[in-house]
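Source file: final-v6.txt. Holds: compact mmCIF, N, CA and C atoms.
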```txt
# COMPACT_ATOMS: atom_id res chain seq x y z
N MET A 1 7.38 -15.16 -9.50
CA MET A 1 6.90 -14.53 -8.28
C MET A 1 7.95 -14.69 -7.19
N ASN A 2 8.17 -13.61 -6.46
CA ASN A 2 9.08 -13.63 -5.32
C ASN A 2 8.29 -13.66 -4.03
N HIS A 3 8.98 -14.01 -2.95
CA HIS A 3 8.35 -14.09 -1.64
C HIS A 3 9.14 -13.24 -0.66
N TRP A 4 8.42 -12.66 0.30
CA TRP A 4 9.01 -11.69 1.20
C TRP A 4 8.49 -11.88 2.62
N LEU A 5 9.12 -11.22 3.55
CA LEU A 5 8.64 -11.14 4.93
C LEU A 5 8.77 -9.69 5.37
N VAL A 6 7.70 -9.16 5.95
CA VAL A 6 7.74 -7.82 6.56
C VAL A 6 7.43 -7.97 8.04
N LYS A 7 8.07 -7.10 8.82
CA LYS A 7 7.89 -7.15 10.27
C LYS A 7 7.21 -5.88 10.76
N SER A 8 6.30 -6.07 11.70
CA SER A 8 5.62 -4.93 12.31
C SER A 8 5.36 -5.24 13.78
N GLU A 9 5.60 -4.27 14.63
CA GLU A 9 5.25 -4.43 16.03
C GLU A 9 3.72 -4.34 16.13
N PRO A 10 3.08 -5.35 16.71
CA PRO A 10 1.61 -5.33 16.74
C PRO A 10 1.03 -4.13 17.48
N VAL A 11 1.77 -3.57 18.43
CA VAL A 11 1.28 -2.40 19.14
C VAL A 11 1.24 -1.18 18.20
N LYS A 12 2.11 -1.17 17.17
CA LYS A 12 2.14 -0.07 16.21
C LYS A 12 1.24 -0.34 15.01
N TYR A 13 1.31 -1.56 14.46
CA TYR A 13 0.47 -1.92 13.32
C TYR A 13 0.31 -3.43 13.29
N SER A 14 -0.82 -3.90 13.76
CA SER A 14 -1.07 -5.33 13.90
C SER A 14 -1.72 -5.90 12.64
N TRP A 15 -1.71 -7.22 12.55
CA TRP A 15 -2.41 -7.92 11.47
C TRP A 15 -3.89 -7.54 11.46
N ASP A 16 -4.51 -7.52 12.65
CA ASP A 16 -5.94 -7.18 12.72
C ASP A 16 -6.22 -5.78 12.19
N LYS A 17 -5.36 -4.83 12.50
CA LYS A 17 -5.51 -3.46 11.99
C LYS A 17 -5.33 -3.45 10.47
N PHE A 18 -4.35 -4.20 10.00
CA PHE A 18 -4.09 -4.33 8.56
C PHE A 18 -5.33 -4.86 7.84
N VAL A 19 -5.94 -5.92 8.39
CA VAL A 19 -7.14 -6.49 7.79
C VAL A 19 -8.28 -5.47 7.80
N LYS A 20 -8.42 -4.76 8.91
CA LYS A 20 -9.47 -3.74 9.00
C LYS A 20 -9.26 -2.64 7.96
N ASP A 21 -8.00 -2.23 7.77
CA ASP A 21 -7.69 -1.18 6.79
C ASP A 21 -7.90 -1.66 5.35
N GLY A 22 -7.62 -2.94 5.10
CA GLY A 22 -7.81 -3.50 3.77
C GLY A 22 -6.65 -3.28 2.81
N ILE A 23 -5.86 -2.29 3.05
CA ILE A 23 -4.66 -1.99 2.25
C ILE A 23 -3.83 -1.00 3.07
N THR A 24 -2.53 -1.04 2.89
CA THR A 24 -1.67 -0.07 3.56
C THR A 24 -0.44 0.17 2.73
N PHE A 25 0.23 1.30 2.96
CA PHE A 25 1.53 1.49 2.32
C PHE A 25 2.58 1.18 3.37
N TRP A 26 3.60 0.46 2.93
CA TRP A 26 4.69 0.04 3.82
C TRP A 26 5.79 1.07 3.69
N ASP A 27 5.87 1.95 4.67
CA ASP A 27 6.75 3.10 4.59
C ASP A 27 7.69 3.14 5.79
N GLY A 28 8.52 4.16 5.82
CA GLY A 28 9.39 4.40 6.96
C GLY A 28 10.62 3.52 7.02
N VAL A 29 10.88 2.73 5.99
CA VAL A 29 12.05 1.86 5.96
C VAL A 29 13.29 2.71 5.71
N ARG A 30 14.25 2.63 6.62
CA ARG A 30 15.48 3.42 6.49
C ARG A 30 16.73 2.56 6.59
N ASN A 31 16.63 1.35 6.10
CA ASN A 31 17.77 0.44 6.02
C ASN A 31 17.94 0.11 4.55
N TYR A 32 19.17 0.18 4.05
CA TYR A 32 19.39 0.01 2.61
C TYR A 32 19.01 -1.38 2.12
N ALA A 33 19.33 -2.42 2.88
CA ALA A 33 18.99 -3.79 2.46
C ALA A 33 17.47 -3.96 2.40
N ALA A 34 16.76 -3.47 3.41
CA ALA A 34 15.30 -3.55 3.43
C ALA A 34 14.71 -2.71 2.29
N ARG A 35 15.28 -1.54 2.06
CA ARG A 35 14.83 -0.68 0.96
C ARG A 35 14.99 -1.38 -0.38
N ASN A 36 16.11 -2.08 -0.55
CA ASN A 36 16.35 -2.79 -1.80
C ASN A 36 15.31 -3.89 -2.01
N SER A 37 14.91 -4.53 -0.92
CA SER A 37 13.85 -5.54 -1.02
C SER A 37 12.54 -4.89 -1.47
N LEU A 38 12.20 -3.74 -0.90
CA LEU A 38 10.99 -3.04 -1.32
C LEU A 38 11.04 -2.72 -2.82
N ARG A 39 12.21 -2.31 -3.29
CA ARG A 39 12.36 -1.98 -4.72
C ARG A 39 12.17 -3.19 -5.62
N GLU A 40 12.48 -4.38 -5.10
CA GLU A 40 12.38 -5.60 -5.90
C GLU A 40 10.99 -6.22 -5.88
N MET A 41 10.13 -5.79 -4.98
CA MET A 41 8.79 -6.36 -4.88
C MET A 41 7.98 -6.04 -6.14
N LYS A 42 7.25 -7.06 -6.60
CA LYS A 42 6.40 -6.92 -7.78
C LYS A 42 4.95 -7.15 -7.39
N LYS A 43 4.06 -6.49 -8.10
CA LYS A 43 2.63 -6.66 -7.84
C LYS A 43 2.27 -8.14 -7.89
N GLY A 44 1.55 -8.60 -6.86
CA GLY A 44 1.15 -10.00 -6.77
C GLY A 44 2.08 -10.87 -5.95
N ASP A 45 3.30 -10.40 -5.66
CA ASP A 45 4.22 -11.17 -4.81
C ASP A 45 3.56 -11.43 -3.45
N LEU A 46 3.85 -12.59 -2.87
CA LEU A 46 3.31 -12.93 -1.56
C LEU A 46 4.28 -12.53 -0.46
N VAL A 47 3.70 -12.07 0.66
CA VAL A 47 4.48 -11.51 1.76
C VAL A 47 4.01 -12.11 3.08
N LEU A 48 4.95 -12.65 3.84
CA LEU A 48 4.64 -13.12 5.20
C LEU A 48 4.58 -11.90 6.12
N PHE A 49 3.55 -11.81 6.93
CA PHE A 49 3.37 -10.70 7.87
C PHE A 49 3.77 -11.21 9.25
N TYR A 50 4.82 -10.62 9.81
CA TYR A 50 5.42 -11.08 11.06
C TYR A 50 5.23 -10.04 12.16
N HIS A 51 4.71 -10.48 13.30
CA HIS A 51 4.61 -9.61 14.47
C HIS A 51 5.94 -9.65 15.21
N SER A 52 6.62 -8.51 15.28
CA SER A 52 7.92 -8.45 15.96
C SER A 52 7.76 -7.93 17.38
N ASN A 53 8.79 -8.15 18.17
CA ASN A 53 8.88 -7.72 19.57
C ASN A 53 7.84 -8.39 20.47
N GLU A 54 6.59 -8.29 20.11
CA GLU A 54 5.49 -8.86 20.89
C GLU A 54 4.85 -9.96 20.05
N GLY A 55 4.87 -11.18 20.53
CA GLY A 55 4.33 -12.29 19.76
C GLY A 55 5.42 -13.02 19.00
N MET A 56 6.22 -12.27 18.25
CA MET A 56 7.32 -12.82 17.46
C MET A 56 6.89 -14.07 16.69
N GLU A 57 5.95 -13.82 15.73
CA GLU A 57 5.39 -14.92 14.97
C GLU A 57 4.85 -14.43 13.63
N VAL A 58 4.89 -15.32 12.65
CA VAL A 58 4.26 -15.06 11.36
C VAL A 58 2.77 -15.31 11.55
N VAL A 59 1.95 -14.31 11.24
CA VAL A 59 0.51 -14.42 11.50
C VAL A 59 -0.36 -14.41 10.26
N GLY A 60 0.17 -13.93 9.14
CA GLY A 60 -0.67 -13.83 7.96
C GLY A 60 0.12 -13.67 6.68
N LEU A 61 -0.63 -13.67 5.58
CA LEU A 61 -0.08 -13.47 4.24
C LEU A 61 -0.68 -12.21 3.63
N ALA A 62 0.18 -11.47 2.98
CA ALA A 62 -0.26 -10.28 2.25
C ALA A 62 0.19 -10.43 0.81
N LYS A 63 -0.33 -9.54 -0.03
CA LYS A 63 0.10 -9.46 -1.42
C LYS A 63 0.55 -8.04 -1.71
N VAL A 64 1.55 -7.92 -2.56
CA VAL A 64 1.97 -6.61 -3.02
C VAL A 64 0.89 -6.10 -3.97
N ALA A 65 0.31 -4.94 -3.62
CA ALA A 65 -0.76 -4.36 -4.42
C ALA A 65 -0.25 -3.27 -5.37
N LYS A 66 0.86 -2.63 -4.98
CA LYS A 66 1.45 -1.58 -5.82
C LYS A 66 2.96 -1.61 -5.61
N GLU A 67 3.69 -1.59 -6.70
CA GLU A 67 5.14 -1.63 -6.64
C GLU A 67 5.70 -0.30 -6.11
N HIS A 68 6.98 -0.30 -5.84
CA HIS A 68 7.62 0.81 -5.11
C HIS A 68 7.40 2.19 -5.76
N TYR A 69 7.31 3.15 -4.86
CA TYR A 69 7.17 4.56 -5.22
C TYR A 69 7.79 5.38 -4.09
N GLN A 70 7.93 6.67 -4.32
CA GLN A 70 8.54 7.56 -3.33
C GLN A 70 7.85 7.42 -1.97
N ASP A 71 8.62 7.17 -0.92
CA ASP A 71 8.06 7.07 0.44
C ASP A 71 7.47 8.42 0.83
N PRO A 72 6.18 8.46 1.13
CA PRO A 72 5.55 9.74 1.48
C PRO A 72 6.04 10.33 2.81
N THR A 73 6.78 9.55 3.59
CA THR A 73 7.29 10.07 4.87
C THR A 73 8.70 10.62 4.74
N SER A 74 9.22 10.72 3.50
CA SER A 74 10.58 11.21 3.29
C SER A 74 10.64 12.07 2.04
N ASP A 75 11.45 13.12 2.10
CA ASP A 75 11.70 13.95 0.92
C ASP A 75 12.83 13.38 0.07
N ASP A 76 13.54 12.40 0.59
CA ASP A 76 14.67 11.78 -0.09
C ASP A 76 14.16 10.72 -1.06
N ALA A 77 14.44 10.90 -2.35
CA ALA A 77 13.95 9.98 -3.38
C ALA A 77 14.54 8.58 -3.26
N ASN A 78 15.56 8.40 -2.44
CA ASN A 78 16.16 7.08 -2.25
C ASN A 78 15.27 6.13 -1.45
N TRP A 79 14.34 6.68 -0.68
CA TRP A 79 13.49 5.84 0.17
C TRP A 79 12.15 5.60 -0.50
N VAL A 80 11.71 4.36 -0.46
CA VAL A 80 10.51 3.96 -1.18
C VAL A 80 9.51 3.26 -0.25
N ALA A 81 8.31 3.14 -0.74
CA ALA A 81 7.24 2.40 -0.05
C ALA A 81 6.58 1.50 -1.09
N VAL A 82 5.83 0.51 -0.62
CA VAL A 82 4.99 -0.32 -1.48
C VAL A 82 3.62 -0.40 -0.82
N ASP A 83 2.60 -0.74 -1.60
CA ASP A 83 1.28 -0.99 -1.04
C ASP A 83 1.10 -2.49 -0.85
N LEU A 84 0.56 -2.86 0.31
CA LEU A 84 0.27 -4.25 0.62
C LEU A 84 -1.20 -4.40 0.95
N LYS A 85 -1.75 -5.57 0.55
CA LYS A 85 -3.14 -5.92 0.89
C LYS A 85 -3.12 -7.24 1.66
N PRO A 86 -3.95 -7.35 2.70
CA PRO A 86 -4.03 -8.64 3.38
C PRO A 86 -4.58 -9.69 2.43
N PHE A 87 -4.06 -10.90 2.52
CA PHE A 87 -4.51 -11.99 1.66
C PHE A 87 -5.17 -13.10 2.47
N LYS A 88 -4.48 -13.54 3.53
CA LYS A 88 -5.01 -14.67 4.30
C LYS A 88 -4.35 -14.73 5.67
N LYS A 89 -5.17 -14.93 6.69
CA LYS A 89 -4.62 -15.17 8.02
C LYS A 89 -4.14 -16.61 8.08
N LEU A 90 -2.99 -16.84 8.70
CA LEU A 90 -2.51 -18.21 8.82
C LEU A 90 -3.42 -18.99 9.76
N LYS A 91 -3.59 -20.26 9.46
CA LYS A 91 -4.43 -21.13 10.29
C LYS A 91 -3.92 -21.11 11.73
N LYS A 92 -2.60 -21.15 11.87
CA LYS A 92 -1.95 -21.12 13.18
C LYS A 92 -0.67 -20.30 13.04
N PRO A 93 -0.43 -19.32 13.92
CA PRO A 93 0.81 -18.55 13.81
C PRO A 93 2.04 -19.45 13.90
N VAL A 94 3.10 -19.05 13.22
CA VAL A 94 4.36 -19.77 13.28
C VAL A 94 5.35 -18.89 14.03
N THR A 95 5.78 -19.36 15.19
CA THR A 95 6.61 -18.56 16.08
C THR A 95 8.08 -18.55 15.63
N LEU A 96 8.78 -17.54 16.10
CA LEU A 96 10.22 -17.46 15.85
C LEU A 96 10.91 -18.68 16.45
N ALA A 97 10.48 -19.13 17.61
CA ALA A 97 11.08 -20.31 18.23
C ALA A 97 10.92 -21.54 17.32
N GLN A 98 9.74 -21.70 16.72
CA GLN A 98 9.52 -22.81 15.79
C GLN A 98 10.46 -22.70 14.59
N ILE A 99 10.56 -21.50 14.05
CA ILE A 99 11.41 -21.27 12.88
C ILE A 99 12.86 -21.60 13.21
N LYS A 100 13.35 -21.12 14.36
CA LYS A 100 14.73 -21.38 14.75
C LYS A 100 14.98 -22.86 15.00
N ALA A 101 13.96 -23.60 15.41
CA ALA A 101 14.10 -25.02 15.72
C ALA A 101 14.12 -25.90 14.47
N GLU A 102 13.71 -25.37 13.34
CA GLU A 102 13.60 -26.15 12.11
C GLU A 102 14.90 -26.07 11.30
N LYS A 103 15.49 -27.22 11.07
CA LYS A 103 16.73 -27.29 10.30
C LYS A 103 16.56 -26.68 8.91
N LYS A 104 15.40 -26.90 8.30
CA LYS A 104 15.12 -26.39 6.95
C LYS A 104 15.09 -24.86 6.90
N LEU A 105 14.95 -24.20 8.06
CA LEU A 105 14.82 -22.74 8.08
C LEU A 105 16.03 -22.04 8.68
N GLN A 106 17.12 -22.75 8.89
CA GLN A 106 18.30 -22.14 9.51
C GLN A 106 18.91 -21.03 8.66
N GLY A 107 18.71 -21.08 7.35
CA GLY A 107 19.28 -20.06 6.48
C GLY A 107 18.38 -18.87 6.23
N ILE A 108 17.16 -18.88 6.77
CA ILE A 108 16.22 -17.79 6.52
C ILE A 108 16.75 -16.47 7.09
N ALA A 109 16.52 -15.40 6.36
CA ALA A 109 17.02 -14.09 6.77
C ALA A 109 16.50 -13.69 8.16
N LEU A 110 15.32 -14.11 8.51
CA LEU A 110 14.74 -13.80 9.82
C LEU A 110 15.65 -14.29 10.95
N VAL A 111 16.33 -15.40 10.73
CA VAL A 111 17.26 -15.96 11.72
C VAL A 111 18.65 -15.36 11.55
N ARG A 112 19.11 -15.21 10.32
CA ARG A 112 20.46 -14.72 10.04
C ARG A 112 20.62 -13.22 10.27
N ILE A 113 19.60 -12.44 9.90
CA ILE A 113 19.67 -10.97 9.99
C ILE A 113 18.40 -10.49 10.70
N PRO A 114 18.27 -10.76 11.99
CA PRO A 114 17.00 -10.55 12.69
C PRO A 114 16.53 -9.09 12.78
N ARG A 115 17.42 -8.12 12.59
CA ARG A 115 17.01 -6.72 12.73
C ARG A 115 16.42 -6.15 11.43
N LEU A 116 16.52 -6.89 10.34
CA LEU A 116 16.00 -6.43 9.06
C LEU A 116 14.48 -6.45 9.09
N SER A 117 13.85 -5.37 8.62
CA SER A 117 12.39 -5.26 8.70
C SER A 117 11.66 -5.74 7.46
N VAL A 118 12.35 -5.81 6.34
CA VAL A 118 11.80 -6.31 5.08
C VAL A 118 12.88 -7.19 4.47
N MET A 119 12.50 -8.43 4.12
CA MET A 119 13.52 -9.36 3.64
C MET A 119 12.95 -10.34 2.64
N PRO A 120 13.81 -10.82 1.73
CA PRO A 120 13.37 -11.87 0.82
C PRO A 120 13.28 -13.20 1.56
N VAL A 121 12.42 -14.07 1.06
CA VAL A 121 12.26 -15.42 1.60
C VAL A 121 12.30 -16.38 0.41
N LYS A 122 13.13 -17.41 0.50
CA LYS A 122 13.18 -18.41 -0.57
C LYS A 122 11.85 -19.15 -0.61
N VAL A 123 11.49 -19.60 -1.81
CA VAL A 123 10.20 -20.28 -1.99
C VAL A 123 10.11 -21.51 -1.08
N GLU A 124 11.21 -22.23 -0.89
CA GLU A 124 11.19 -23.42 -0.03
C GLU A 124 10.91 -23.03 1.42
N GLU A 125 11.51 -21.93 1.86
CA GLU A 125 11.30 -21.44 3.23
C GLU A 125 9.85 -20.98 3.40
N PHE A 126 9.38 -20.25 2.43
CA PHE A 126 8.01 -19.74 2.45
C PHE A 126 7.01 -20.89 2.55
N ASP A 127 7.17 -21.88 1.67
CA ASP A 127 6.27 -23.04 1.66
C ASP A 127 6.34 -23.81 2.97
N TYR A 128 7.53 -23.93 3.54
CA TYR A 128 7.68 -24.69 4.78
C TYR A 128 7.00 -23.96 5.95
N ILE A 129 7.09 -22.65 5.97
CA ILE A 129 6.39 -21.88 7.02
C ILE A 129 4.88 -22.08 6.88
N LEU A 130 4.38 -22.10 5.67
CA LEU A 130 2.95 -22.36 5.47
C LEU A 130 2.59 -23.77 5.94
N GLU A 131 3.45 -24.74 5.67
CA GLU A 131 3.22 -26.11 6.16
C GLU A 131 3.16 -26.13 7.69
N LEU A 132 4.09 -25.43 8.33
CA LEU A 132 4.10 -25.38 9.80
C LEU A 132 2.80 -24.79 10.34
N SER A 133 2.27 -23.81 9.63
CA SER A 133 1.03 -23.17 10.04
C SER A 133 -0.15 -24.14 9.97
N GLU A 134 -0.09 -25.08 9.06
CA GLU A 134 -1.17 -26.05 8.88
C GLU A 134 -1.00 -27.30 9.75
N SER A 135 0.22 -27.51 10.27
CA SER A 135 0.51 -28.74 11.01
C SER A 135 -0.03 -28.68 12.44
N LYS A 136 -0.03 -29.81 13.08
CA LYS A 136 -0.51 -29.90 14.46
C LYS A 136 0.64 -29.81 15.46
N LYS A 137 1.85 -29.48 14.98
CA LYS A 137 3.02 -29.35 15.86
C LYS A 137 2.80 -28.29 16.90
```
So, in terms of structure tokens, how does the structure I just supplied come out?
Amino acid sequence: MNHWLVKSEPVKYSWDKFVKDGITFWDGVRNYAARNSLREMKKGDLVLFYHSNEGMEVVGLAKVAKEHYQDPTSDDANWVAVDLKPFKKLKKPVTLAQIKAEKKLQGIALVRIPRLSVMPVKVEEFDYILELSESKK
């Protein structure tokens, strides 16, 4: 199983809207690195859901419900989408400031390549973010 992080501006598509919808297709990605991540996602993979621009925090966990297919918002077969389902809201959001402050997370793509909208997350990074969500810090 692989782990991922997807970013969404809450004003455009929030965690609460995602939960209400129950499933969504993750489309509109027009960056090759992010697109490659979508192509690598497998059904059942866990995904951190990050609110970007506003909030700037990991707020929930999703699961890949359907592997990549032609992005319905593009006629170009190079662009793909995946289906995601909400899995669990984090007990406590983990902010970008917290992530940047943690030595264990200095190598995470969210810090190294902040403009990327879909990115892989190492299992150690993923687990540590979940720990931060459960901690009283």
Just the alpha helix (DSSP H) stuff from range 56-129 of chain A, please, per backbone DSSP, written as an MDAnalysis selection string.
chainID A and resid 96:101 109:112 123:129
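Every protein, DNA or RNA residue with an atom at most 5 Å from range 93-107 of chain A, where all atoms listed in the file count and chain neighbours fewer than 4 positions away do not, is listed here: A:Met56, A:Glu57, A:Val58, A:Val59.
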Nearest to Leu48 in chain A by atom-to-atom distance, counting only C-alpha atoms, from A:Asn78, A:Met119, A:Ala109, A:Leu5:
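Between A:Asn78, A:Met119, A:Ala109, A:Leu5, the residue approaching Leu48 in chain A most closely is A:Leu5.
Closest to Glu54 in chain A among A:Val11, A:Leu110, A:Ala81, A:Val6 is A:Val11, based on only C-alpha atoms.
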If you count all atoms listed in the file, which residues fall within 7 Å of Pro86 in chain A, apart from same-chain ones fewer than 4 positions away, as a count of residues only?
8
Pick out the closest residue to Val118 in chain A from this set: A:Ser135, A:Gln70, A:Asn36, A:Ser52. Count all atoms listed in the file.
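Of A:Ser135, A:Gln70, A:Asn36, A:Ser52, the one nearest Val118 in chain A, counting all atoms listed in the file, is A:Asn36.
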Across A:Asp76, A:Arg115, A:Lys91, A:Asn2, the smallest distance to Lys136 in chain A, with only C-alpha atoms counted, is shown by A:Lys91
Of the candidates A:Met1, A:Leu116, A:Val80, A:Val64, which one gets nearest to Asn31 in chain A if we count only C-alpha atoms?
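Ranking A:Met1, A:Leu116, A:Val80, A:Val64 by distance to Asn31 in chain A, first place goes to A:Leu116.
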When you draw a straight line from atom N of Lys122 in chain A to atom C of Phe25 in chain A, how long is it in Å?
21.6 Å
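One finds atom N of Leu46 in chain A at 12.4 Å from CA of Val82 in chain A.
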So that all listed atoms of range 79-90 of chain A fit with 6 Å spare on each side, what axis-aligned box centre and edge lengths in Å, to one decimal, would you give as JSON?
```
{"center_x": 4.6, "center_y": -6.2, "center_z": 4.1, "size_x": 31.5, "size_y": 37.7, "size_z": 23.4}
```
Given only N, CA and C atoms as the counted atoms, nearest of A:Tyr128, A:Pro72, A:Gly60, A:Val29 to Phe87 in chain A
A:Gly60
Apply DSSP to the structure's backbone, then extract all residues of range 16-73 of chain A labelled strand (DSSP E or B) and return them as a ChimeraX atom specification.
/A:24-26,46-51,57-70
State, in Å with one decimal place, the distance from CA of Arg30 in chain A to CA of Arg112 in chain A.
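Here the two named atoms are 19.1 Å from each other.
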Need to verify the contact set: range 7-9 of chain A, 6 Å, only N, CA and C atoms, exclusion of same-chain residues closer than 3 positions in sequence. Can you return it as a PDB file with N, CA and C atoms, in the coordinates of the input?
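The file below, selection-v1.pdb, is the result:
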```
ATOM      1  N   LYS A  12       2.110  -1.170  17.170  1.00  0.00           N
ATOM      2  CA  LYS A  12       2.140  -0.070  16.210  1.00  0.00           C
ATOM      3  C   LYS A  12       1.240  -0.340  15.010  1.00  0.00           C
ATOM      4  N   TYR A  13       1.310  -1.560  14.460  1.00  0.00           N
ATOM      5  CA  TYR A  13       0.470  -1.920  13.320  1.00  0.00           C
ATOM      6  C   TYR A  13       0.310  -3.430  13.290  1.00  0.00           C
ATOM      7  N   SER A  14      -0.820  -3.900  13.760  1.00  0.00           N
ATOM      8  CA  SER A  14      -1.070  -5.330  13.900  1.00  0.00           C
ATOM      9  C   SER A  14      -1.720  -5.900  12.640  1.00  0.00           C
ATOM     10  N   PHE A  49       3.550 -11.810   6.930  1.00  0.00           N
ATOM     11  CA  PHE A  49       3.370 -10.700   7.870  1.00  0.00           C
ATOM     12  C   PHE A  49       3.770 -11.210   9.250  1.00  0.00           C
ATOM     13  N   TYR A  50       4.820 -10.620   9.810  1.00  0.00           N
ATOM     14  CA  TYR A  50       5.420 -11.080  11.060  1.00  0.00           C
ATOM     15  C   TYR A  50       5.230 -10.040  12.160  1.00  0.00           C
ATOM     16  N   HIS A  51       4.710 -10.480  13.300  1.00  0.00           N
ATOM     17  CA  HIS A  51       4.610  -9.610  14.470  1.00  0.00           C
ATOM     18  C   HIS A  51       5.940  -9.650  15.210  1.00  0.00           C
ATOM     19  N   SER A  52       6.620  -8.510  15.280  1.00  0.00           N
ATOM     20  CA  SER A  52       7.920  -8.450  15.960  1.00  0.00           C
ATOM     21  C   SER A  52       7.760  -7.930  17.380  1.00  0.00           C
ATOM     22  N   ASN A  53       8.790  -8.150  18.170  1.00  0.00           N
ATOM     23  CA  ASN A  53       8.880  -7.720  19.570  1.00  0.00           C
ATOM     24  C   ASN A  53       7.840  -8.390  20.470  1.00  0.00           C
ATOM     25  N   GLU A  54       6.590  -8.290  20.110  1.00  0.00           N
ATOM     26  CA  GLU A  54       5.490  -8.860  20.890  1.00  0.00           C
ATOM     27  C   GLU A  54       4.850  -9.960  20.050  1.00  0.00           C
ATOM     28  N   SER A 117      13.850  -5.370   8.620  1.00  0.00           N
ATOM     29  CA  SER A 117      12.390  -5.260   8.700  1.00  0.00           C
ATOM     30  C   SER A 117      11.660  -5.740   7.460  1.00  0.00           C
ATOM     31  N   VAL A 118      12.350  -5.810   6.340  1.00  0.00           N
ATOM     32  CA  VAL A 118      11.800  -6.310   5.080  1.00  0.00           C
ATOM     33  C   VAL A 118      12.880  -7.190   4.470  1.00  0.00           C
TER      34      VAL A 118
END
```
Please provide the set of residues having any atom within 8 Å of His68 in chain A, restricted to all atoms listed in the file, with same-chain residues fewer than 4 positions apart removed, written as a count of residues only.
11
